[in-house]
Structures are given as C-alpha cells and as structure tokens.
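See below for the structure under consideration.
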2 protein chains.
Amino acid sequence: MELTGRLLIGKANVAVSTPEIKAINPATGEQLAPAYYAGSIAEVDQACELAKQANAEFRHSSLEKRAVFLETIADEIIAIGDALIERTMLETGLPRGRIEGERGRTCGQLRLFAEVVRSGESLDLRIDPAMPDRQPLPRVDLRLQNIAVGPVAVFGASNFPLAFSVAGGDTASAFAAGCPVVVKAHSAHPGTSEMIGRAIQSAVTKCDLPEGVFSMLYGIGNELGQALVTDQRIKAVGFTGSRSGGLALMKIAQARTEPIPVYAEMSSINPVFLLPDALEARGHKLAEGFIGSLTMGAGQFCTNPGVVIALSGKALDKFLSTATTTILDAAPQTMLTAGIYQAYKDGVSTLAKSKSVKSLGYGIESNQPNGCQSGLFITTAEDFLKDQTLRDEIFGSTSLVVECKDIDEMLSVASQLEGQLTTTLQMDDTDLDLAKALLPILEDKAGRIMVNGWPTGVEVCHAMVHGGPFPATSDPRTTSVGSAAIYRFLRPVCYQNLPQALLPETLTDKNSVDLPHLFDGKRVN
Amino acid sequence: MELTGRLLIGKANVAVSTPEIKAINPATGEQLAPAYYAGSIAEVDQACELAKQANAEFRHSSLEKRAVFLETIADEIIAIGDALIERTMLETGLPRGRIEGERGRTCGQLRLFAEVVRSGESLDLRIDPAMPDRQPLPRVDLRLQNIAVGPVAVFGASNFPLAFSVAGGDTASAFAAGCPVVVKAHSAHPGTSEMIGRAIQSAVTKCDLPEGVFSMLYGIGNELGQALVTDQRIKAVGFTGSRSGGLALMKIAQARTEPIPVYAEMSSINPVFLLPDALEARGHKLAEGFIGSLTMGAGQFCTNPGVVIALSGKALDKFLSTATTTILDAAPQTMLTAGIYQAYKDGVSTLAKSKSVKSLGYGIESNQPNGCQSGLFITTAEDFLKDQTLRDEIFGSTSLVVECKDIDEMLSVASQLEGQLTTTLQMDDTDLDLAKALLPILEDKAGRIMVNGWPTGVEVCHAMVHGGPFPATSDPRTTSVGSAAIYRFLRPVCYQNLPQALLPETLTDKNSVDLPHLFDGKRVN
C-alpha cells in the first residue's frame, strides 16, 4: 500500500492545496514521508453530508450485514500485513511486540463487536403487547428498540495508534451501533491512520454500504476538530486524550444549538491502596509489580498507577526500598511525541520542585530524543490533601507515594480523590475490614475497582468499564472499552401501534421472537 | 393529616423564619392555608449532607428492601385518602376524575419500579470469568453491575401534581436505582407536596432506611434550585418544565467543577401527520379525535398535539370544517396557575397576530379566572418553514395546522422540525409508502412514533419512551416515563478480581446465579 497523504471522504481520496502535515519518528526526530493534506471546513462539510446521507440506511442495516462489516474491517487490517507494523513503529517509537499485540486487540475488538451486534442484546428490545380489553382503557401495542444516534465524530488517540485510533474502540462501537463515523486522524501517526482508514474504506465497498459510513480527515491545530464537533449533522463525539482537549470539546458541544454528548476519556492517576497486611506480607513482590506496571510502555497509559497510598511504617519502608532499587534500573523508553515528552519533563520537574515532595529515585537517563526517564516520589497524606496540584496526572512513568499516618488519613485521601478510571486494592484476607470501609468511597470515584492486580492492561470483554466520574471521563454512565461501549451511540425509540410493514426489521413479530427482549417486562431469550 | 408548611429534611419537619409561600386556587384566585416556609442554602446543605450520608447504605440495600420501600410509598399515598384528592383539586383546578386517575398512575408507577428492582434487569450484570490458562496472558475474573449515581435533585412539575411531582416518575426511578432524592417542591401545589412528602418520610421510617434517603424543600424564585443543582453532593437532576427552566439548569450543571447530567423534559409540539388516504377516508373522525386530544386537560400536557401537518385539498378542508365546528363547542377549563394562563394567552395572541397565520376558530370563552379558551390556527408549509417562531410550544389547547402543497413539502416540514417527544402518523394501509419515507426522518426527531393514535396519554410500561432529541429533552438517550427511566440514575462499575466477601451482594456467585446476567457475553436468565 503506497501512502498518498490524502483525506478519505467517503470513497474519494482527496488532495487539497499543499500537503503540510508530516509524521516525525520520535526515536530519531526525523520527518517521515509523505506529507499529509490538512482539511478545512469544506472537507468537514463534505464528510458530514455524506455521513448524513448514509445514516438512515446504515442505521437499519441488518445485524448480520453490520457484523460482517466489522469482521471485514478486521480482515482488511490484517491484509495490510507487516507494512502496517513497520509504519506504526516508525511513527510512534513503540516496539514491534507492542504494535503486533495492539493490532490483535484492535481486530479482536472489531470481532467482539460483530458478536455483540449479532446477539441483538444492545437493541434492548421491549415489547408490551396490546391489551384491547383492558379496563378502564385499552392498551395499544408498544415496542422499544435502541437506534443509532446518527453520525459520530471520533478523535484518534496518540497512545493507542491502532486500538484507540482510526479503527479503535470508539469507531468500532459506533459502527456496531449503526452510526456513520468521521475520524479526525491524530497528527502523530498519519501514515498508520491512512493504512487503517483505507482498510475501512475497502470494507465499506466490499460490504456494499453507502460510502458516507466512513470518512477520515487530517487537520492542523484545533480548527478542523472544532468544525467537526460544531457540525449539526454530528450527533456524538468520541475522544481519548488530554483533560484540556476533552474539556474544550465538551464546551463546544454544549454551546451548539442542539447540544450533543462528548465521550471524552481524559485523565486519571489510578490510585493504588496498599493495605497493611498485604504490604507486610509481600511488600517486595508488590514493589516489583508496581514498578513493572509503572514503567510499561513509558507509562503512556490512561491507567498508569500514578499514586500509591499506604500507611507509614517498616513495611512501607521495605516496599519503598525495593521500588527505588527497581526503578534505578528502569531503562529509558522513547515517548510517543516531542509534545508528550516535554509535558512529561515539565510535570516531573514541577513535582520535583514541590516543597512537600521528596524524590526517591529515577530510572536510567536517556541519551536519545524523547527518552522517558522514570521517576518515583513521596509525600505525606497531609500535604497531598492540602496541595491539589499533587493530584494532577503526569502522563509517563512517574508515580507519587502518599504516606498516611493512620487509617483515618487513608480514608480521607480516598474521599478527596477526583474521579478515576481505576482504583486498586492490594490486600490480604485479613485486610477485608479496611477494604470494606474503602469500597463505598472508591465506588464513587472510579469506573473499575480491582484487587491484587495493577491497573495497566485493560481487558476487552463484556464486563469491562473503562470510564469513571469526571474528570476521568466526561460521562461516568459509559465505558469506552468493552462491549458496553456500544451504548454510547444508541438512543431508545418507542414505536406505538405501528403496522408490521412499517416497524424496523428487528421489531417485527417474525424477527423479534428470536432476539433477546422483554415481553411485558419478562425476559425472553 | 394536618398541613404544617414545614420543610422535610430527613426525618425532621423544619420551620425557618417566616412562612411565605401560599398556594392559590386557580379556579378562584383565593390563597390557601397554610403558608409554607421557604428554604435557603442552609437547608439545601442539610438535605444534601443527609443524602450523602445515606448514599452508600441505600445504594447497596437489597433489591427486596428497595422494592418494598417503593410499594410502601404507594401504600402510604393511598392511606392519605380523599384529603389528598381534595387538596390537589384545590391547588390545581384539575377535576376529581383526573386526580384520582393520576394517583392510580403514581402508585402504579411506584409498583412497576418495585417489580423492575426485583427483577434485577437494570443491574445489567455481566460476569466474565477468570481464564487462568489463557495464552499469552491469563484473564482474571471481571464483573460489572450498574450502581446508583448518588443523590438526585428532583424538581416537581406543575402539570402532573402527583405523577410527575414529589413521588412521581423521577423520584420513583431514582429510588429504584438506589439514589437518595432531594425534591424541590413546586410552589403551585405545596400542600399536595407536603402530603406526598410525608408519605415518603413515613415509608423511609417503616422500611428502616437511613433518613437522608428523602428530603423536600420549598423555595421562592430560583435561588434554592440553583443551590441544589450546584451542590457537589448532588450527582444528577430530574426536571420537567419549561425550556428556559431546563436550559438554565443544564447551564448550572455544566458549570460545576464536576458537571452532572440534567434530565430535563422541556418542550414539544408533537407533530401529527395526516397522510392522504387516511385523511380522505376518515377526516371527520380524525378531526374529532384531534380536538379531543387537544382540549384534554386544557392542553396542559407535554404531548399535546400542537401541530398538524397535511396536504391541502378537499379532504383537508373537510377535516378543518369538522375540527373548527368541534372546537367552537370546546368548554373552557381552568389552567394550573396564573403564570401558565398568562403565558398561554400571550402565546395565542402572538400566533393570532402573525401575518402568516389564520385563525380557524376558538372554543368557548371563560368568565372565570385562568380559564383556557381553545384555539385552532392554520398556516402554509412555506410560512412554517420560514418562520421559526411558529414552531414554538404554546402550552395549552391551541394547535396550528400546516398545509402542504405536496409530499415534498411535507417531507421538508418533517426534516426541519426540532426534537420532539412524539410524532404521529394518521395513515391507512395505502399510505404505507409515504409513511416509510417519513419514518427515518421522524426517528431522528422524536422519542416516540405512533400510528393512528393521539399523543396525549402516555402509557407507563416497559417499552415507553417519553424523551427525544433536544429541545424536547436535554438527553435523548433516556426516557422519563416507563421502566427504562431507571437507567438515568445508574452507572456501570467493573469489579476486577474481588474476593466474594468484598463483592456487592448482587454480584456474588451465590446471588448472581439467579439474576439476569451475561456470562462471558452469553445471556443467562
């Protein structure tokens, strides 16, 4: 596949004025060919118009057709072959194993959503049959199903160039819901985006879907993204990125004549609580596990363990000693972009300068461009509670240990946390009472609560919640990973007394009978 | 039950400074005793603090306990007896039959939610079991359930003093979800509110729930409501009322440090399309049905048919002739408040003065205070498309007929509509092709689409959607009537690798096995 640098608008590959956007290899600082064309409001308009035109047909395309479409995208991605892996490595500095794994996850995710579509679960079908003889008033036939909200704007994320970018979780779940998608490609990996975008384009054609089901635009600065979120034909937004970026999109979406939901996954420090008996019994192992989770992928995960909370004492001292020793050996890793690297350095430097924070140790310094040096810091719960800035996310492999005088202080720290994607309890059986005291607090704080694991590594499955209260996300009622992510792009419609010939296919007597549904409130299938 | 005029804060009945709020009998203009105390920020703070304290216990109260609580509220409301009916009639001007029916609906709604809670459906349990031998990485046990979002602020509506007020749909669904509720009582029916509020208070005590599960405040102006929505302990808002009121609450909620969802049900003109063959075949009957729906309850329904769209021609002329004759006989009815009456008069007067609108007829004029005189107007599709103000809701029994030259113009009118609670097709079998052309447009516009019915009369059941795109509501992904309303107050949490002793009761192996759930994505129960 030869890269063209063109915008993908429906089935057209479009060049506009002069190509301006070039990927940079973060490991070397070198620019990568080709240059990419930056779209403008005109291209947003074209993509949104096509999406609108495709909307009605795609929304009510059969479940099987939509499932096959998702599977075809996965097949087309695999068919790109090693060229995809190589280009992604060049654009992100991520190692081959990671990219190959991420490709597997991306395709697995698409296939999972195909299964979800086929099952019909997300339609949430409900049939309340007519009761013509009911007193004092008869009831007519009422049927509910979830339908697609309409065209969705997806912003590709930099830290998952495959699994949360062009054909990532947002796009896959929007397609599964029956929504056309317009992607704003992330400028850090335009070549990867083009390869994936063309795979989707090809799947649209092969599956005989209207071309407007998918478009992909590149843009410089915020203008194109703003135009996309402002466009009245767009009905929802998926975004994974910085807090400032997410907040900006939320503001734009709220200011529209018709406000729309923005599903922004923004920032999280993923607190890990080391409960006393677990810390006492296996502090050494916990410290190794912690640094392993912290330094994985240069810490560029939304679920990176940015804060560790424990009671002061000998057990904590031992844990810190192992953690410090381990981090000293942590090899530097290339970060995704110069911007992320600079923000990381600034964040670490601010933390290091804070009077209430002590540095415990740093990993090996890098002599390459954009090399992330790991860092470990410590503060007291008292200072952590006083100084709001200590709770800011530092995107990269740096973490802050919060030392608590006693359990009350630990509970206070938990209560004062902002919304998180995850919280973790490291606990033994004998820590159960404290865990029970923490759990109701943590339920208010996070979308996922785990025991004796580390927050990095997000399973793509049915029970996953990758979400959580603000500011972890803009909408804690949802998840952006796992099959429940499809619900972000659906809304219920009630069809009252419609003749069979007018009902959506999935709601007719003939077809609904085999699909999971509530019949008069009782579950069938 | 002697009315006290006091605020209900947890189990306390609180008097503050001087009572200032008095209900007015809209039929006579007379003030009704007693005067009610207006709360301030201090009372909001107390109510929210109690709600927060009750939150963890109520959230994880057993399904059976919560179901019994809902049923007990219904029992307590019935136990008030005829005093409730009489007071509500005095405060609202609504006739006995309507109030008795609404009490039945309110209690039926509470009992429906009790069933929903018992069924466990709304927990959306998902269990993805551990796969310790999976390659390349094992999977740990992951379980998802929906939990309550936290304390909810409910604003009572004036037009359903029982079914959408203190113990109405918002409160019932929030309780069903496991959320403590703080109600801002509507000033138009404080006595009704006190009776119902004390019924809930009594149910809280009888069911041995923490007192903070329910509080109710009265307030003057917007200050108290603002304080409530601004309070950081409140996690969601339910509101039924005007567009300006809903938009104001949305703005306040979005400006919080932690933005929260506002479920505002605001305004809708509920377009009815008279398709040609149905109009030809049964125009006379349709006209009678239309005026019946329009004038019911002085048109004070969110689903009042405010716009009727049809092709010009003889069939429409006959329809209009019957409709006009029928409306001339329409008796005046007392409106709920002087404010609603004045807004109605202003709306009708603006419409009557519009150059693009012709009046067809008015109902009988009233010589009593706040008497609603019905009205019927007509305009052309061309003017309707040009003049945005013709699409504004007039709350009361006035409707506008939109005459279309041809089917294209009818489709244009459909396309240009704002979001609606309902749209209706009056159609015969031979109108199917046109209905099929309209349906995808209407799906984008409304939460409920009906055939050969009238929009007034909202069935409380499982398949109901009383919602729809903005500005009908603030959030088209939800409904405020029917059992699916519970989802507004829930959010998913993933519990990863938790020991059985730490899991929420409903997610343990022992209890989940009998509840509806997805096991590895496959439905069980």
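Each chain of the structure tokens is named A, B, ... in the order shown, its residues numbered from 1; ligands are numbered from 1 in display order.
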
With only C-alpha atoms considered, list every residue of chain A at most 7 Å from chain B, as a PDB file with N, CA and C atoms, in the first residue's frame.
```pdb
ATOM      1  N   ALA A  56     -29.601   6.853   7.438  1.00  0.00           N
ATOM      2  CA  ALA A  56     -30.826   6.047   7.558  1.00  0.00           C
ATOM      3  C   ALA A  56     -30.590   4.610   7.109  1.00  0.00           C
ATOM      4  N   ARG A 126     -37.976  -4.234  23.661  1.00  0.00           N
ATOM      5  CA  ARG A 126     -39.047  -4.380  24.647  1.00  0.00           C
ATOM      6  C   ARG A 126     -40.378  -4.355  23.913  1.00  0.00           C
ATOM      7  N   ILE A 127     -41.182  -5.343  24.139  1.00  0.00           N
ATOM      8  CA  ILE A 127     -42.498  -5.402  23.504  1.00  0.00           C
ATOM      9  C   ILE A 127     -43.565  -5.483  24.586  1.00  0.00           C
ATOM     10  N   ASP A 128     -44.413  -4.478  24.634  1.00  0.00           N
ATOM     11  CA  ASP A 128     -45.580  -4.503  25.524  1.00  0.00           C
ATOM     12  C   ASP A 128     -46.802  -4.655  24.626  1.00  0.00           C
ATOM     13  N   LEU A 142     -46.937  -1.515  22.060  1.00  0.00           N
ATOM     14  CA  LEU A 142     -45.796  -0.586  22.211  1.00  0.00           C
ATOM     15  C   LEU A 142     -44.506  -1.377  22.118  1.00  0.00           C
ATOM     16  N   ARG A 143     -43.603  -0.905  21.298  1.00  0.00           N
ATOM     17  CA  ARG A 143     -42.329  -1.603  21.121  1.00  0.00           C
ATOM     18  C   ARG A 143     -41.185  -0.611  21.205  1.00  0.00           C
ATOM     19  N   LEU A 144     -40.128  -1.011  21.888  1.00  0.00           N
ATOM     20  CA  LEU A 144     -38.960  -0.136  22.027  1.00  0.00           C
ATOM     21  C   LEU A 144     -37.740  -0.813  21.432  1.00  0.00           C
ATOM     22  N   GLU A 258     -28.118  22.464  19.172  1.00  0.00           N
ATOM     23  CA  GLU A 258     -28.506  21.169  19.737  1.00  0.00           C
ATOM     24  C   GLU A 258     -27.277  20.575  20.421  1.00  0.00           C
ATOM     25  N   LYS A 436     -13.521  -3.145  53.033  1.00  0.00           N
ATOM     26  CA  LYS A 436     -14.962  -2.870  53.069  1.00  0.00           C
ATOM     27  C   LYS A 436     -15.259  -1.413  53.392  1.00  0.00           C
ATOM     28  N   PRO A 440     -17.076   1.570  49.397  1.00  0.00           N
ATOM     29  CA  PRO A 440     -18.127   2.536  49.010  1.00  0.00           C
ATOM     30  C   PRO A 440     -17.559   3.889  48.590  1.00  0.00           C
ATOM     31  N   GLY A 447     -14.488   3.920  37.734  1.00  0.00           N
ATOM     32  CA  GLY A 447     -15.269   3.019  36.903  1.00  0.00           C
ATOM     33  C   GLY A 447     -14.859   1.567  37.077  1.00  0.00           C
ATOM     34  N   ARG A 448     -13.622   1.353  37.547  1.00  0.00           N
ATOM     35  CA  ARG A 448     -13.160  -0.032  37.733  1.00  0.00           C
ATOM     36  C   ARG A 448     -12.407  -0.122  39.039  1.00  0.00           C
ATOM     37  N   ILE A 449     -12.757  -1.117  39.830  1.00  0.00           N
ATOM     38  CA  ILE A 449     -12.103  -1.322  41.118  1.00  0.00           C
ATOM     39  C   ILE A 449     -11.487  -2.705  41.071  1.00  0.00           C
ATOM     40  N   MET A 450     -10.176  -2.768  41.357  1.00  0.00           N
ATOM     41  CA  MET A 450      -9.567  -4.095  41.252  1.00  0.00           C
ATOM     42  C   MET A 450      -8.820  -4.458  42.512  1.00  0.00           C
ATOM     43  N   VAL A 451      -8.662  -5.751  42.703  1.00  0.00           N
ATOM     44  CA  VAL A 451      -7.962  -6.278  43.863  1.00  0.00           C
ATOM     45  C   VAL A 451      -6.765  -7.088  43.387  1.00  0.00           C
ATOM     46  N   HIS A 462     -16.890  -8.139  28.135  1.00  0.00           N
ATOM     47  CA  HIS A 462     -18.243  -7.629  28.346  1.00  0.00           C
ATOM     48  C   HIS A 462     -18.391  -6.889  29.670  1.00  0.00           C
ATOM     49  N   ALA A 463     -17.603  -7.302  30.655  1.00  0.00           N
ATOM     50  CA  ALA A 463     -17.744  -6.721  31.993  1.00  0.00           C
ATOM     51  C   ALA A 463     -16.780  -5.559  32.225  1.00  0.00           C
ATOM     52  N   MET A 464     -16.028  -5.171  31.198  1.00  0.00           N
ATOM     53  CA  MET A 464     -15.064  -4.087  31.402  1.00  0.00           C
ATOM     54  C   MET A 464     -15.773  -2.742  31.508  1.00  0.00           C
ATOM     55  N   VAL A 465     -15.288  -1.887  32.409  1.00  0.00           N
ATOM     56  CA  VAL A 465     -15.655  -0.474  32.407  1.00  0.00           C
ATOM     57  C   VAL A 465     -14.369   0.331  32.346  1.00  0.00           C
ATOM     58  N   PHE A 470     -16.118  12.229  36.424  1.00  0.00           N
ATOM     59  CA  PHE A 470     -15.350  13.387  35.991  1.00  0.00           C
ATOM     60  C   PHE A 470     -14.247  13.688  37.010  1.00  0.00           C
ATOM     61  N   PRO A 476     -19.684   9.456  33.268  1.00  0.00           N
ATOM     62  CA  PRO A 476     -19.433   8.217  34.024  1.00  0.00           C
ATOM     63  C   PRO A 476     -20.465   7.134  33.776  1.00  0.00           C
ATOM     64  N   ARG A 477     -21.494   7.420  32.979  1.00  0.00           N
ATOM     65  CA  ARG A 477     -22.526   6.407  32.721  1.00  0.00           C
ATOM     66  C   ARG A 477     -22.110   5.465  31.605  1.00  0.00           C
ATOM     67  N   THR A 478     -20.851   5.569  31.172  1.00  0.00           N
ATOM     68  CA  THR A 478     -20.451   4.805  29.992  1.00  0.00           C
ATOM     69  C   THR A 478     -19.059   4.206  30.161  1.00  0.00           C
ATOM     70  N   LEU A 490     -26.264   4.898  21.097  1.00  0.00           N
ATOM     71  CA  LEU A 490     -27.634   4.435  20.887  1.00  0.00           C
ATOM     72  C   LEU A 490     -28.605   5.290  21.694  1.00  0.00           C
ATOM     73  N   ARG A 491     -29.842   5.362  21.210  1.00  0.00           N
ATOM     74  CA  ARG A 491     -30.911   6.000  21.987  1.00  0.00           C
ATOM     75  C   ARG A 491     -32.195   5.211  21.762  1.00  0.00           C
ATOM     76  N   PRO A 492     -33.055   5.176  22.775  1.00  0.00           N
ATOM     77  CA  PRO A 492     -34.267   4.372  22.646  1.00  0.00           C
ATOM     78  C   PRO A 492     -35.348   5.115  21.870  1.00  0.00           C
ATOM     79  N   VAL A 493     -36.081   4.392  21.060  1.00  0.00           N
ATOM     80  CA  VAL A 493     -37.261   4.954  20.392  1.00  0.00           C
ATOM     81  C   VAL A 493     -38.419   3.984  20.628  1.00  0.00           C
ATOM     82  N   CYS A 494     -39.578   4.545  20.949  1.00  0.00           N
ATOM     83  CA  CYS A 494     -40.787   3.743  21.135  1.00  0.00           C
ATOM     84  C   CYS A 494     -41.632   3.828  19.875  1.00  0.00           C
ATOM     85  N   TYR A 495     -42.021   2.664  19.375  1.00  0.00           N
ATOM     86  CA  TYR A 495     -42.886   2.575  18.197  1.00  0.00           C
ATOM     87  C   TYR A 495     -44.250   2.110  18.693  1.00  0.00           C
ATOM     88  N   GLN A 496     -45.228   2.990  18.605  1.00  0.00           N
ATOM     89  CA  GLN A 496     -46.538   2.717  19.184  1.00  0.00           C
ATOM     90  C   GLN A 496     -47.536   2.385  18.087  1.00  0.00           C
ATOM     91  N   ASN A 497     -48.030   1.162  18.115  1.00  0.00           N
ATOM     92  CA  ASN A 497     -49.117   0.758  17.216  1.00  0.00           C
ATOM     93  C   ASN A 497     -48.724   0.806  15.735  1.00  0.00           C
ATOM     94  N   LEU A 498     -47.443   0.542  15.452  1.00  0.00           N
ATOM     95  CA  LEU A 498     -47.028   0.558  14.046  1.00  0.00           C
ATOM     96  C   LEU A 498     -47.431  -0.745  13.361  1.00  0.00           C
ATOM     97  N   LEU A 502     -44.281  -1.417   8.725  1.00  0.00           N
ATOM     98  CA  LEU A 502     -43.596  -0.148   8.962  1.00  0.00           C
ATOM     99  C   LEU A 502     -42.542  -0.258  10.067  1.00  0.00           C
ATOM    100  N   ASP A 520     -43.619  -7.686  27.836  1.00  0.00           N
ATOM    101  CA  ASP A 520     -44.389  -7.252  29.007  1.00  0.00           C
ATOM    102  C   ASP A 520     -43.519  -7.256  30.264  1.00  0.00           C
ATOM    103  N   GLY A 521     -42.271  -6.894  30.096  1.00  0.00           N
ATOM    104  CA  GLY A 521     -41.356  -6.808  31.230  1.00  0.00           C
ATOM    105  C   GLY A 521     -40.669  -8.106  31.603  1.00  0.00           C
TER     106      GLY A 521
END
```

### Task
Enumerate as number ranges by chain all residues of range 291-425 of chain A assigned to strand (DSSP E) by DSSP on the backbone, naming them with the chain letters and numbers the document uses.
A: 307-311, 333-334, 357-362, 371-372, 375-380, 398-404, 420-425

### Task
Could you pull out the residues in range 267-298 of chain B that DSSP calls alpha helix (DSSP H) from the backbone, as a PyMOL selection string?
chain B and resi 276-295

### Task
Name the residues in contact with Asp317 in chain B at a cut-off of 12 Å, using only C-alpha atoms, excluding same-chain residues fewer than 5 positions from it; report them as a VMD selection string.
chain B and resid 279 to 280 283 to 284 287 310 to 312 322 to 324 360 378 401 403

Please identify all polymer residues within 6 Å of Phe377 in chain A, counting only C-alpha atoms, omitting same-chain residues fewer than 4 positions from it, and present them as an mmCIF file with N, CA, C and O atoms, in the first residue's frame.
```cif
data_model
loop_
_atom_site.group_PDB
_atom_site.id
_atom_site.type_symbol
_atom_site.label_atom_id
_atom_site.label_comp_id
_atom_site.auth_asym_id
_atom_site.auth_seq_id
_atom_site.Cartn_x
_atom_site.Cartn_y
_atom_site.Cartn_z
ATOM 1 N N LYS A 358 9.344 14.531 48.072
ATOM 2 C CA LYS A 358 10.742 14.095 48.093
ATOM 3 C C LYS A 358 10.938 13.092 46.962
ATOM 4 O O LYS A 358 10.086 12.224 46.757
ATOM 5 N N SER A 359 12.030 13.205 46.241
ATOM 6 C CA SER A 359 12.266 12.211 45.191
ATOM 7 C C SER A 359 12.921 10.990 45.802
ATOM 8 O O SER A 359 13.822 11.094 46.646
ATOM 9 N N LEU A 360 12.455 9.817 45.389
ATOM 10 C CA LEU A 360 13.032 8.565 45.895
ATOM 11 C C LEU A 360 14.056 8.007 44.924
ATOM 12 O O LEU A 360 15.037 7.388 45.327
ATOM 13 N N LEU A 400 3.726 8.839 42.506
ATOM 14 C CA LEU A 400 3.864 9.515 43.795
ATOM 15 C C LEU A 400 3.310 8.604 44.887
ATOM 16 O O LEU A 400 2.166 8.156 44.806
#
```

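Closest approach to Val166 in chain B among B:Leu8, B:Leu351, B:Leu417, B:Ala83: B:Leu8, based on only C-alpha atoms.
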
### Message
Just want the 8 Å neighbourhood of range 38-41 of chain A, counted on only C-alpha atoms, with same-chain residues fewer than 3 positions away dropped. Output as a PyMOL selection string.
### Response
chain A and resi 7+16+19-21+44-45+217-220+223-224+227
